[in-house]
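Novice: So here's entry_36.cif, just mmCIF, C-alpha atoms:
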```
data_structure
loop_
_atom_site.label_atom_id
_atom_site.label_comp_id
_atom_site.auth_asym_id
_atom_site.auth_seq_id
_atom_site.Cartn_x
_atom_site.Cartn_y
_atom_site.Cartn_z
CA MET B 1 -104.65 112.10 94.45
CA PRO B 2 -100.99 113.21 94.54
CA LYS B 3 -99.07 113.18 91.28
CA PRO B 4 -96.46 110.42 91.08
CA SER B 5 -93.13 111.85 92.18
CA ALA B 6 -91.06 109.33 90.25
CA ALA B 7 -92.60 109.39 86.79
CA ASN B 8 -90.56 106.36 85.82
CA LEU B 9 -89.93 103.92 88.65
CA PHE B 10 -86.32 103.46 87.64
CA SER B 11 -85.53 107.14 87.12
CA GLU B 12 -83.85 109.46 89.59
CA LEU B 13 -81.94 106.62 91.24
CA PRO B 14 -79.21 108.13 93.40
CA ALA B 15 -76.01 106.09 93.72
CA SER B 16 -75.82 106.75 97.44
CA LEU B 17 -78.22 108.12 100.03
CA ALA B 18 -77.92 109.23 103.63
CA ALA B 19 -81.25 107.48 104.29
CA GLU B 20 -83.75 105.45 102.30
CA LEU B 21 -85.65 107.47 99.69
CA VAL B 22 -89.44 107.03 99.77
CA ASN B 23 -91.69 108.31 96.97
CA VAL B 24 -95.40 108.01 97.60
CA LEU B 25 -96.93 107.12 94.23
CA VAL B 26 -100.54 106.69 95.30
CA GLU B 27 -102.24 107.53 98.59
CA THR B 28 -105.94 107.17 99.33
CA PRO B 29 -107.85 106.54 102.57
CA THR B 30 -107.46 102.79 101.95
CA ILE B 31 -104.12 102.20 100.24
CA ARG B 32 -100.62 103.61 99.78
CA ILE B 33 -98.16 102.68 97.07
CA GLU B 34 -94.53 103.60 97.61
CA ARG B 35 -91.31 103.37 95.69
CA ILE B 36 -88.44 102.87 98.15
CA VAL B 37 -84.79 103.17 97.14
CA SER B 38 -82.08 101.77 99.42
CA THR B 39 -78.35 102.07 98.90
CA GLY B 40 -77.01 99.71 101.55
CA GLN B 41 -79.33 100.85 104.35
CA CYS B 42 -80.78 98.34 106.78
CA SER B 43 -82.95 98.48 109.90
CA GLU B 44 -81.30 99.70 113.11
CA PRO B 45 -80.13 96.90 115.43
CA GLY B 46 -83.10 95.64 117.45
CA PHE B 47 -85.64 97.59 115.37
CA TRP B 48 -88.74 95.78 114.07
CA TYR B 49 -91.43 97.19 111.77
CA ASP B 50 -94.85 96.51 113.33
CA GLN B 51 -97.47 97.81 110.91
CA GLU B 52 -101.21 98.41 111.22
CA GLN B 53 -101.64 97.61 107.54
CA SER B 54 -100.69 94.58 105.50
CA GLU B 55 -97.96 95.11 102.93
CA TRP B 56 -97.24 93.51 99.58
CA VAL B 57 -93.66 94.20 98.66
CA ILE B 58 -91.44 93.38 95.69
CA VAL B 59 -87.79 94.03 94.92
CA LEU B 60 -87.41 95.21 91.31
CA LYS B 61 -83.69 96.00 91.24
CA GLY B 62 -80.81 95.23 93.58
CA GLU B 63 -81.08 92.73 96.42
CA ALA B 64 -82.17 92.71 100.05
CA GLN B 65 -82.90 90.43 102.97
CA LEU B 66 -85.95 90.52 105.23
CA CYS B 67 -86.03 88.92 108.68
CA PHE B 68 -89.04 88.12 110.83
CA ALA B 69 -89.50 88.08 114.61
CA ASP B 70 -91.87 85.09 114.57
CA GLY B 71 -89.34 82.55 113.38
CA THR B 72 -90.30 82.71 109.69
CA PRO B 73 -87.03 82.01 107.85
CA ALA B 74 -85.19 85.08 106.55
CA LYS B 75 -85.92 85.85 102.91
CA THR B 76 -83.37 87.07 100.39
CA LEU B 77 -85.15 89.03 97.69
CA CYS B 78 -83.83 89.31 94.13
CA PRO B 79 -85.53 91.28 91.35
CA GLY B 80 -89.08 89.98 90.88
CA ASP B 81 -89.31 88.30 94.31
CA HIS B 82 -92.39 89.41 96.23
CA LEU B 83 -94.31 88.57 99.38
CA VAL B 84 -97.14 89.64 101.65
CA ILE B 85 -96.23 90.82 105.14
CA PRO B 86 -99.46 90.57 107.16
CA ALA B 87 -100.27 93.44 109.52
CA HIS B 88 -98.27 93.16 112.76
CA GLN B 89 -95.89 90.51 111.47
CA LYS B 90 -92.75 92.07 112.89
CA HIS B 91 -90.00 92.33 110.32
CA ARG B 92 -86.77 94.13 109.64
CA ILE B 93 -84.47 94.77 106.73
CA GLU B 94 -81.31 92.84 107.49
CA TRP B 95 -79.34 94.24 104.57
CA THR B 96 -79.66 95.80 101.13
CA SER B 97 -77.14 95.64 98.30
CA ALA B 98 -74.14 97.90 98.80
CA SER B 99 -73.11 97.69 95.15
CA GLU B 100 -76.22 99.09 93.44
CA PRO B 101 -79.47 100.82 94.42
CA THR B 102 -82.24 98.49 95.56
CA VAL B 103 -85.67 99.51 94.23
CA TRP B 104 -88.67 98.29 96.21
CA LEU B 105 -92.32 98.68 95.41
CA ALA B 106 -94.63 98.45 98.43
CA VAL B 107 -98.42 98.42 98.55
CA PHE B 108 -99.99 98.96 101.99
CA PHE B 109 -103.62 97.89 102.38
CA PRO B 110 -106.19 97.18 105.10
CA ALA B 111 -105.48 94.01 107.04
CA MET G 1 -105.31 85.34 101.24
CA PRO G 2 -104.41 83.35 98.10
CA LYS G 3 -100.79 82.28 97.66
CA PRO G 4 -98.98 84.19 94.93
CA SER G 5 -99.17 82.16 91.76
CA ALA G 6 -96.03 83.67 90.23
CA ALA G 7 -93.49 83.42 93.03
CA ASN G 8 -91.10 85.59 91.06
CA LEU G 9 -92.79 88.23 88.94
CA PHE G 10 -90.48 87.55 86.01
CA SER G 11 -90.68 83.76 86.16
CA GLU G 12 -92.92 81.55 84.04
CA LEU G 13 -92.98 84.04 81.17
CA PRO G 14 -94.36 82.26 78.12
CA ALA G 15 -92.99 83.42 74.77
CA SER G 16 -96.44 83.39 73.21
CA LEU G 17 -99.96 83.16 74.55
CA ALA G 18 -103.39 82.66 73.02
CA ALA G 19 -104.69 85.30 75.45
CA GLU G 20 -103.25 87.53 78.14
CA LEU G 21 -102.13 85.66 81.25
CA VAL G 22 -103.41 87.08 84.55
CA ASN G 23 -102.02 85.97 87.93
CA VAL G 24 -103.81 87.34 90.97
CA LEU G 25 -101.09 87.99 93.54
CA VAL G 26 -103.22 89.54 96.28
CA GLU G 27 -106.99 89.74 96.64
CA THR G 28 -108.85 91.20 99.59
CA PRO G 29 -112.27 92.86 99.90
CA THR G 30 -110.59 96.22 99.12
CA ILE G 31 -107.73 95.59 96.71
CA ARG G 32 -106.48 93.27 94.02
CA ILE G 33 -102.92 93.02 92.72
CA GLU G 34 -102.37 91.29 89.40
CA ARG G 35 -99.45 90.34 87.22
CA ILE G 36 -100.51 90.49 83.59
CA VAL G 37 -98.40 89.07 80.77
CA SER G 38 -99.12 90.09 77.18
CA THR G 39 -97.44 88.74 74.08
CA GLY G 40 -98.72 91.10 71.41
CA GLN G 41 -102.34 91.09 72.57
CA CYS G 42 -104.38 94.28 72.43
CA SER G 43 -107.99 95.25 73.16
CA GLU G 44 -110.61 94.21 70.62
CA PRO G 45 -111.55 96.96 68.14
CA GLY G 46 -114.08 99.29 69.75
CA PHE G 47 -113.62 97.75 73.22
CA TRP G 48 -113.04 100.04 76.21
CA TYR G 49 -112.31 99.01 79.79
CA ASP G 50 -114.73 100.85 82.11
CA GLN G 51 -113.83 99.87 85.67
CA GLU G 52 -115.57 100.33 89.02
CA GLN G 53 -112.21 100.57 90.76
CA SER G 54 -109.26 102.85 90.19
CA GLU G 55 -106.13 101.19 88.87
CA TRP G 56 -102.44 101.92 89.28
CA VAL G 57 -100.54 100.17 86.56
CA ILE G 58 -96.88 99.85 85.62
CA VAL G 59 -95.07 98.15 82.77
CA LEU G 60 -92.01 96.30 84.08
CA LYS G 61 -90.83 94.56 80.91
CA GLY G 62 -91.72 94.96 77.25
CA GLU G 63 -93.71 97.88 75.91
CA ALA G 64 -97.36 98.82 75.42
CA GLN G 65 -99.65 101.67 74.50
CA LEU G 66 -102.77 102.78 76.35
CA CYS G 67 -105.47 104.93 74.74
CA PHE G 68 -108.26 106.85 76.45
CA ALA G 69 -111.80 107.66 75.32
CA ASP G 70 -111.80 111.11 76.95
CA GLY G 71 -109.18 112.68 74.70
CA THR G 72 -106.25 112.11 77.08
CA PRO G 73 -103.26 111.59 74.76
CA ALA G 74 -102.25 107.97 74.17
CA LYS G 75 -99.44 106.79 76.44
CA THR G 76 -96.61 104.53 75.37
CA LEU G 77 -95.31 102.67 78.42
CA CYS G 78 -91.74 101.46 78.70
CA PRO G 79 -90.34 99.54 81.71
CA GLY G 80 -90.83 101.64 84.84
CA ASP G 81 -93.56 103.87 83.39
CA HIS G 82 -96.66 103.95 85.56
CA LEU G 83 -99.94 105.79 85.87
CA VAL G 84 -103.25 105.91 87.68
CA ILE G 85 -106.37 105.17 85.68
CA PRO G 86 -109.25 106.61 87.72
CA ALA G 87 -112.43 104.51 87.99
CA HIS G 88 -114.56 104.82 84.85
CA GLN G 89 -111.86 106.48 82.76
CA LYS G 90 -112.46 104.41 79.64
CA HIS G 91 -109.25 103.00 78.25
CA ARG G 92 -107.96 100.33 75.93
CA ILE G 93 -104.69 98.61 75.14
CA GLU G 94 -103.78 99.75 71.66
CA TRP G 95 -100.82 97.41 71.32
CA THR G 96 -98.25 95.42 73.27
CA SER G 97 -94.78 94.44 72.11
CA ALA G 98 -94.76 91.59 69.60
CA SER G 99 -91.05 90.88 70.11
CA GLU G 100 -91.00 90.07 73.84
CA PRO G 101 -93.47 89.43 76.68
CA THR G 102 -94.85 92.57 78.30
CA VAL G 103 -95.13 92.27 82.08
CA TRP G 104 -97.64 94.56 83.78
CA LEU G 105 -98.32 95.00 87.45
CA ALA G 106 -101.78 96.34 88.26
CA VAL G 107 -103.22 97.40 91.62
CA PHE G 108 -107.01 97.88 91.75
CA PHE G 109 -108.35 99.93 94.65
CA PRO G 110 -111.52 101.75 95.74
CA ALA G 111 -112.16 104.92 93.76
#
```
Can the structure in the file be given as structure tokens, please?
Specialist:
Amino acid sequence: MPKPSAANLFSELPASLAAELVNVLVETPTIRIERIVSTGQCSEPGFWYDQEQSEWVIVLKGEAQLCFADGTPAKTLCPGDHLVIPAHQKHRIEWTSASEPTVWLAVFFPA
Amino acid sequence: MPKPSAANLFSELPASLAAELVNVLVETPTIRIERIVSTGQCSEPGFWYDQEQSEWVIVLKGEAQLCFADGTPAKTLCPGDHLVIPAHQKHRIEWTSASEPTVWLAVFFPA
């Protein structure tokens, strides 16, 4: 099992990034746990995530908005807000806070 | 899949509890994600958790100390500190903060 790369989830938070920062905290044949740091990034226009695995995701710092292709209302996520994105539910990140880093925790697991 | 019982991870935080509060956020045949709230609780004297599954655990609020039966040094966890507890690594909660609720997030997954 790989050693966590961000020993404290709120450490090593860059103020600005060219692209989202992803630290894989746990990876096994069945699950993956990631810390994701965004500094204003969002999904490219027209891009949708379409994932083989289900994802449980929480915002722990900052703010972000998720949109869904299936008509599910957009969700603005503040610290502590979490949801399950079932496998193949197409979604995109509409925006993330431009004023502070947004820290996500994502757990990917078999659908 | 059960609906999250704590829609925001930091909501519904009781100031004191007779016993730890566990909300199951996700449960599938392979994984379980729990929010655990402690208000000063610790493991009974002589009790060790000995789990079939591996556990990734993080403290998000409050403070706690984990001890291990195998001689691994005790770990004091502050917000953002996380670790993997491999299946069958016997461990106990030595103490949790008495001055504020401690919020844990735990992901159980196949060893």
Novice: Could you tell me, as a PyMOL selection string, exactly which residues end up selected when the PyMOL selection byres ((chain B) within 6 of (chain G)) is applied to this structure?
Specialist: chain B and resi 8-10+80-81
Novice: So how many Å separate CA of Glu27 (chain B) and CA of Ala69 (chain B), to one decimal?
Specialist: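 One can read the CA of Glu27 (chain B) to CA of Ala69 (chain B) distance as 28.2 Å.
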Novice: Between CA of Arg35 (chain B) and CA of Leu21 (chain B), what is the distance, to one decimal in Å?
Specialist: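 We find that CA of Arg35 (chain B) and CA of Leu21 (chain B) lie 8.1 Å from each other.
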Novice: Can you work out the spacing between CA of Ser38 (chain G) and CA of Glu100 (chain B) in Å, to one decimal?
Specialist: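 Result for CA of Ser38 (chain G) versus CA of Glu100 (chain B): 29.5 Å, one decimal.
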Novice: Using all C-alpha atoms paired in order, least-squares fit chain G onto chain B and give me the moved copy as a tab-separated table (two decimals) with C-alpha atoms, in the frame of the given file.
Specialist:
```tsv
chain	number	residue	atom	x	y	z
G	1	MET	CA	-104.65	112.09	94.46
G	2	PRO	CA	-100.99	113.19	94.57
G	3	LYS	CA	-99.04	113.18	91.30
G	4	PRO	CA	-96.45	110.42	91.11
G	5	SER	CA	-93.13	111.85	92.20
G	6	ALA	CA	-91.05	109.33	90.26
G	7	ALA	CA	-92.60	109.39	86.81
G	8	ASN	CA	-90.56	106.36	85.83
G	9	LEU	CA	-89.94	103.92	88.66
G	10	PHE	CA	-86.32	103.45	87.65
G	11	SER	CA	-85.53	107.13	87.11
G	12	GLU	CA	-83.83	109.45	89.59
G	13	LEU	CA	-81.93	106.60	91.24
G	14	PRO	CA	-79.21	108.12	93.40
G	15	ALA	CA	-76.02	106.07	93.72
G	16	SER	CA	-75.83	106.73	97.44
G	17	LEU	CA	-78.21	108.11	100.02
G	18	ALA	CA	-77.91	109.21	103.63
G	19	ALA	CA	-81.24	107.47	104.28
G	20	GLU	CA	-83.74	105.44	102.29
G	21	LEU	CA	-85.65	107.47	99.71
G	22	VAL	CA	-89.44	107.03	99.77
G	23	ASN	CA	-91.69	108.31	96.97
G	24	VAL	CA	-95.41	108.01	97.59
G	25	LEU	CA	-96.93	107.13	94.23
G	26	VAL	CA	-100.55	106.69	95.31
G	27	GLU	CA	-102.26	107.55	98.58
G	28	THR	CA	-105.94	107.16	99.32
G	29	PRO	CA	-107.86	106.54	102.56
G	30	THR	CA	-107.45	102.77	101.94
G	31	ILE	CA	-104.11	102.20	100.24
G	32	ARG	CA	-100.65	103.61	99.79
G	33	ILE	CA	-98.16	102.69	97.07
G	34	GLU	CA	-94.53	103.61	97.62
G	35	ARG	CA	-91.29	103.36	95.71
G	36	ILE	CA	-88.45	102.87	98.15
G	37	VAL	CA	-84.80	103.17	97.14
G	38	SER	CA	-82.09	101.77	99.41
G	39	THR	CA	-78.36	102.07	98.92
G	40	GLY	CA	-77.03	99.70	101.55
G	41	GLN	CA	-79.35	100.86	104.34
G	42	CYS	CA	-80.77	98.34	106.78
G	43	SER	CA	-82.96	98.49	109.90
G	44	GLU	CA	-81.32	99.72	113.10
G	45	PRO	CA	-80.15	96.92	115.42
G	46	GLY	CA	-83.09	95.65	117.45
G	47	PHE	CA	-85.65	97.60	115.37
G	48	TRP	CA	-88.73	95.79	114.04
G	49	TYR	CA	-91.42	97.20	111.76
G	50	ASP	CA	-94.84	96.50	113.32
G	51	GLN	CA	-97.46	97.81	110.91
G	52	GLU	CA	-101.21	98.41	111.20
G	53	GLN	CA	-101.65	97.61	107.52
G	54	SER	CA	-100.70	94.57	105.50
G	55	GLU	CA	-97.97	95.10	102.93
G	56	TRP	CA	-97.23	93.51	99.58
G	57	VAL	CA	-93.66	94.20	98.66
G	58	ILE	CA	-91.44	93.39	95.70
G	59	VAL	CA	-87.80	94.03	94.92
G	60	LEU	CA	-87.41	95.21	91.32
G	61	LYS	CA	-83.69	96.00	91.24
G	62	GLY	CA	-80.82	95.22	93.58
G	63	GLU	CA	-81.09	92.73	96.42
G	64	ALA	CA	-82.18	92.71	100.06
G	65	GLN	CA	-82.90	90.45	102.98
G	66	LEU	CA	-85.96	90.53	105.23
G	67	CYS	CA	-86.02	88.92	108.68
G	68	PHE	CA	-89.05	88.12	110.83
G	69	ALA	CA	-89.49	88.08	114.61
G	70	ASP	CA	-91.86	85.09	114.55
G	71	GLY	CA	-89.32	82.52	113.38
G	72	THR	CA	-90.28	82.71	109.69
G	73	PRO	CA	-87.01	82.02	107.84
G	74	ALA	CA	-85.17	85.09	106.54
G	75	LYS	CA	-85.91	85.87	102.90
G	76	THR	CA	-83.36	87.09	100.40
G	77	LEU	CA	-85.16	89.04	97.68
G	78	CYS	CA	-83.84	89.31	94.14
G	79	PRO	CA	-85.54	91.29	91.34
G	80	GLY	CA	-89.08	89.97	90.88
G	81	ASP	CA	-89.32	88.31	94.31
G	82	HIS	CA	-92.39	89.42	96.23
G	83	LEU	CA	-94.30	88.59	99.38
G	84	VAL	CA	-97.12	89.66	101.64
G	85	ILE	CA	-96.23	90.83	105.12
G	86	PRO	CA	-99.46	90.57	107.14
G	87	ALA	CA	-100.27	93.44	109.52
G	88	HIS	CA	-98.28	93.16	112.76
G	89	GLN	CA	-95.89	90.51	111.46
G	90	LYS	CA	-92.75	92.09	112.90
G	91	HIS	CA	-90.00	92.35	110.33
G	92	ARG	CA	-86.76	94.14	109.64
G	93	ILE	CA	-84.45	94.78	106.72
G	94	GLU	CA	-81.30	92.85	107.50
G	95	TRP	CA	-79.34	94.24	104.57
G	96	THR	CA	-79.67	95.80	101.13
G	97	SER	CA	-77.15	95.62	98.31
G	98	ALA	CA	-74.14	97.88	98.81
G	99	SER	CA	-73.10	97.67	95.15
G	100	GLU	CA	-76.23	99.08	93.46
G	101	PRO	CA	-79.48	100.83	94.42
G	102	THR	CA	-82.24	98.49	95.56
G	103	VAL	CA	-85.66	99.51	94.23
G	104	TRP	CA	-88.67	98.29	96.20
G	105	LEU	CA	-92.32	98.68	95.41
G	106	ALA	CA	-94.62	98.46	98.42
G	107	VAL	CA	-98.43	98.42	98.55
G	108	PHE	CA	-100.00	98.97	101.99
G	109	PHE	CA	-103.62	97.88	102.38
G	110	PRO	CA	-106.19	97.18	105.10
G	111	ALA	CA	-105.47	93.99	107.03
```
Novice: Pick out the residues sitting within 12 Å of region 14-16 of chain G, and hand them over as a ChimeraX atom specification; count all atoms listed in the file, and ignore anything fewer than 2 positions along from it in its own chain.
Specialist: /G:10-12,18-21,36-41,62,97-103
Novice: Can you spell out as a list of chain:residue names the set of residues that the PyMOL selection byres ((chain G and resi 94) around 10) selects in the structure I just provided?
Specialist: G:Gln41, G:Cys42, G:Ser43, G:Glu44, G:Pro45, G:Ala64, G:Gln65, G:Leu66, G:Cys67, G:Phe68, G:Ala74, G:Lys75, G:Thr76, G:His91, G:Arg92, G:Ile93, G:Trp95, G:Thr96
Novice: Identify the residues around (-99.8, 100.7, 112.3) within a radius of 9 Å, measuring from only C-alpha atoms in the coordinates stated by the file, and give them as a list in words.
Specialist: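 Residues close enough to count: Asp50, Gln51, Glu52, Gln53, Ala87 and His88 of chain B.
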